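J.: This is final.txt (compact mmCIF, C-alpha atoms).
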```
# COMPACT_ATOMS: atom_id res chain seq x y z
CA MET A 1 -1.51 3.01 -8.17
CA GLY A 2 1.89 4.38 -7.26
CA LYS A 3 5.00 4.96 -9.31
CA GLY A 4 8.46 3.87 -8.41
CA VAL A 5 12.01 4.50 -9.43
CA SER A 6 15.06 2.33 -9.20
CA LEU A 7 18.29 4.27 -8.73
CA LYS A 8 21.68 2.75 -9.48
CA CYS A 9 25.19 4.03 -8.92
CA THR A 10 27.36 3.87 -12.03
CA LYS A 11 30.52 3.67 -9.89
CA CYS A 12 29.80 0.97 -7.26
CA ASN A 13 26.57 -0.60 -8.68
CA TYR A 14 24.62 0.08 -5.45
CA LYS A 15 20.89 -0.07 -6.27
CA LYS A 16 17.87 1.27 -4.36
CA GLU A 17 14.15 1.24 -5.19
CA HIS A 18 11.85 4.07 -4.09
CA HIS A 19 8.06 3.63 -4.04
CA LEU A 20 6.14 6.89 -4.59
CA GLY A 21 2.51 7.96 -4.62
CA VAL A 22 -0.46 6.07 -3.20
CA GLY A 23 -1.61 2.47 -3.26
CA MET A 24 -3.98 0.05 -1.55
CA ILE A 25 -2.90 0.95 2.01
CA ILE A 26 -1.67 4.49 1.38
CA HIS A 27 -4.75 6.59 0.55
CA ALA A 28 -7.00 9.26 2.07
CA MET A 29 -8.88 8.00 5.13
CA LEU A 30 -10.17 8.99 8.54
CA LEU A 31 -7.30 9.92 10.82
CA LYS A 32 -8.47 7.37 13.41
CA ASP A 33 -8.18 4.54 10.87
CA TYR A 34 -4.73 5.72 9.82
CA ILE A 35 -3.42 5.81 13.39
CA ASP A 36 -4.67 2.23 13.83
CA LEU A 37 -2.61 1.10 10.79
CA ASN A 38 0.60 2.16 12.57
CA LEU A 39 2.45 3.03 9.35
CA PRO A 40 5.99 4.38 9.64
CA MET A 41 6.36 8.02 10.64
CA HIS A 42 8.68 10.08 12.80
CA ASN A 43 7.76 9.98 16.51
CA LYS A 44 7.33 13.77 16.70
CA THR A 45 4.98 13.68 13.71
CA LYS A 46 3.02 10.82 15.27
CA GLU A 47 2.58 12.79 18.51
CA LYS A 48 1.40 15.92 16.64
CA ILE A 49 -1.10 13.85 14.69
CA LYS A 50 -2.41 12.16 17.85
CA ARG A 51 -2.87 15.55 19.55
CA LEU A 52 -4.91 16.74 16.54
CA TYR A 53 -6.96 13.56 16.66
CA TYR A 54 -7.88 14.06 20.32
CA LYS A 55 -8.84 17.71 19.73
CA LYS A 56 -11.09 17.28 16.67
CA GLU A 57 -13.34 14.72 15.07
CA ASN A 58 -13.86 14.19 11.35
CA LEU A 59 -10.22 14.62 10.43
CA ILE A 60 -9.11 13.15 7.14
CA ILE A 61 -5.46 12.28 6.52
CA GLU A 62 -4.13 12.26 2.99
CA PRO A 63 -0.79 10.44 2.90
CA ILE A 64 1.45 10.11 -0.11
CA ILE A 65 4.97 8.76 -0.48
CA LYS A 66 7.31 11.37 -1.97
CA LEU A 67 10.95 11.61 -2.92
CA TYR A 68 13.09 14.31 -1.28
CA LYS A 69 16.65 15.50 -1.63
CA CYS A 70 18.95 17.50 0.63
CA LYS A 71 20.28 20.50 -1.27
CA GLU A 72 23.48 20.46 0.80
CA CYS A 73 24.63 16.81 0.75
CA ASN A 74 22.33 15.58 -2.10
CA LYS A 75 21.10 12.58 -0.08
CA ILE A 76 17.85 11.08 -1.43
CA TYR A 77 15.01 10.29 0.98
CA ASN A 78 11.76 8.38 0.49
CA LYS A 79 9.20 9.88 2.94
CA TYR A 80 5.55 9.52 3.91
CA TYR A 81 4.12 13.02 3.42
CA PHE A 82 0.84 13.82 5.20
CA GLU A 83 -1.78 16.51 4.95
CA ILE A 84 -4.62 16.54 7.47
CA TYR A 85 -7.95 18.20 6.78
CA ASN A 86 -10.89 19.04 8.99
CA ASN A 87 -13.71 17.50 6.97
CA PRO A 88 -17.01 17.55 8.89
CA GLU A 89 -18.86 15.72 6.12
CA TYR A 90 -16.66 12.57 6.36
CA GLU A 91 -16.01 12.86 2.64
CA TYR A 92 -12.79 11.49 1.22
CA SER A 93 -12.41 14.46 -1.07
CA ASN A 94 -10.52 17.42 0.35
CA GLU A 95 -10.99 19.58 -2.72
CA GLY A 96 -11.22 23.24 -1.75
CA LEU A 97 -10.16 22.62 1.87
CA GLU A 98 -6.98 24.00 3.42
CA PRO A 99 -4.87 21.47 5.32
CA ILE A 100 -4.57 22.03 9.07
CA PHE A 101 -1.31 20.05 9.17
CA LYS A 102 1.50 19.25 6.70
CA THR A 103 4.61 17.23 7.36
CA GLU A 104 8.03 18.80 6.91
CA PHE A 105 11.34 16.98 6.74
CA LYS A 106 14.98 17.71 7.54
CA CYS A 107 18.14 15.95 6.44
CA TRP A 108 19.51 13.83 9.26
CA ARG A 109 23.07 14.73 8.19
CA CYS A 110 22.80 18.47 7.54
CA ASN A 111 19.66 19.33 9.54
CA LEU A 112 18.42 21.39 6.57
CA GLU A 113 14.91 21.28 5.16
CA LEU A 114 14.48 18.64 2.45
CA LYS A 115 13.08 19.64 -0.92
CA GLU A 116 10.66 17.46 -2.85
CA ILE A 117 12.10 16.31 -6.15
CA ASN A 118 10.20 15.61 -9.31
CA LEU A 119 10.77 12.04 -10.50
CA GLU A 120 10.86 13.10 -14.15
CA LYS A 121 13.50 15.77 -13.45
CA LEU A 122 15.68 13.57 -11.25
CA ASN A 123 19.13 13.37 -12.75
CA LYS A 124 22.21 12.48 -10.76
CA ALA A 125 22.34 12.31 -6.98
CA VAL A 126 24.93 11.25 -4.41
CA CYS A 127 25.25 7.49 -3.94
CA PRO A 128 24.60 6.61 -0.28
CA LYS A 129 27.18 3.80 -0.43
CA CYS A 130 30.25 5.26 -2.16
CA GLY A 131 29.49 9.01 -1.94
CA ASN A 132 30.04 9.67 -5.64
CA TYR A 133 27.71 11.92 -7.59
CA SER A 134 26.71 8.97 -9.79
CA PHE A 135 23.30 7.78 -8.57
CA ASN A 136 21.07 7.69 -11.69
CA LYS A 137 17.59 6.54 -12.68
CA ASP A 138 17.87 2.90 -13.67
CA ALA A 139 14.21 1.95 -14.15
CA LEU A 140 10.67 3.19 -13.54
CA PHE A 141 7.86 0.89 -12.33
CA LEU A 142 4.26 0.86 -11.06
CA TRP A 143 3.16 -0.58 -7.70
CA ASP A 144 -0.05 -1.01 -5.70
```
What would you get if you wrote out this structure as structure tokens?
T.:
Amino acid sequence: MGKGVSLKCTKCNYKKEHHLGVGMIIHAMLLKDYIDLNLPMHNKTKEKIKRLYYKKENLIIEPIIKLYKCKECNKIYNKYYFEIYNNPEYEYSNEGLEPIFKTEFKCWRCNLELKEINLEKLNKAVCPKCGNYSFNKDALFLWD
């Protein structure tokens, strides 16, 4: 079950929900099965993943939805983060294995690397509508 956060601007009342974690569709699985689901991802990431898939069998993808923030412009992003493991035993546990691929993200405005933010430590951020530094946690929820 995933967690979620609703953010609301105290200036303009703009509200946005962000779903985080894993759920029924978003969970560790064979890379082939994940590619068939056609979930949203950047085209460059999709191409890298497909190249890995054609090179090796038994790859497990472990996706999770995370919250990121640009340290320059403070824009909040909700992103599908992936780690891919070479798992010859077809086990869905990647404990003790090093990932052979991890996704990285950049801010589309600043072109700087995004940093993952901890939901519990999220305070104020920049509102995407009005630009004020007044985007706060409004509510937390669970999803699946």
J.: Please identify all polymer residues within 10 Å of Leu52 (chain A), counting all atoms listed in the file, omitting same-chain residues fewer than 2 positions from it, and present them as a ChimeraX atom specification.
T.: /A:31,46-50,54-57,59,84,86,100-101
J.: Need to verify the contact set: region 111-127 of chain A, 9 Å, only C-alpha atoms, exclusion of same-chain residues closer than 3 positions in sequence. Can you return it as a count of residues only?
T.: 32
J.: CA of Lys102 (chain A) and CA of Glu83 (chain A) are how many Å apart?
T.: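 That distance, rounded to one decimal, is 4.6 Å.
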J.: Report, in Å to a single decimal, how far apart CA of Gly96 (chain A) and CA of Asn78 (chain A) are.
T.: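 Interatomic distance, CA of Asn78 (chain A) to CA of Gly96 (chain A): 27.5 Å.
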J.: Could you tell me which of A:Ala139, A:Leu97, A:Ile65, A:Ile35 comes closest to Met1 (chain A) if we count only C-alpha atoms?
T.: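 That would be A:Ile65, the residue with the smallest distance to Met1 (chain A).
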J.: Can you work out which one of A:Leu140, A:Cys110, A:Ile61, A:Leu7 has the shortest atom-to-atom distance to Asp33 (chain A), counting all atoms listed in the file?
T.: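 Ranked by minimum distance to Asp33 (chain A), first place goes to A:Ile61.
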J.: Please report, as lines of an AutoDock Vina configuration file, the centre and edge lengths in Å to one decimal of an axis-aligned box covering all listed atoms of region 123-135 of chain A with 6 Å per side.
T.:
```
center_x = 24.7
center_y = 8.6
center_z = -6.5
size_x = 23.1
size_y = 21.6
size_z = 24.5
```
J.: Place a sphere of radius 7 Å on (4.7, 10.0, -6.2) in the file coordinates and name every protein, DNA or RNA residue with an atom inside or on its surface, counting all atoms listed in the file; give the answer as number ranges by chain.
T.: A: 2-3, 20-21, 64-66
J.: Quick one: of A:Arg51, A:Lys129, A:Tyr85, A:Pro63, who's nearest to Lys15 (chain A), counting only C-alpha atoms?
T.: A:Lys129
J.: For Asp36 (chain A), which of A:His18, A:Asn87, A:Tyr53, A:Asn13 is the closest residue, counting all atoms listed in the file?
T.: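 Using all atoms listed in the file, Asp36 (chain A) sits closest to A:Tyr53.
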J.: Rounded to one decimal in Å, what is the spacing between CA of His42 (chain A) and CA of Phe141 (chain A)?
T.: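 Going from CA of His42 (chain A) over to CA of Phe141 (chain A), I get 26.8 Å.
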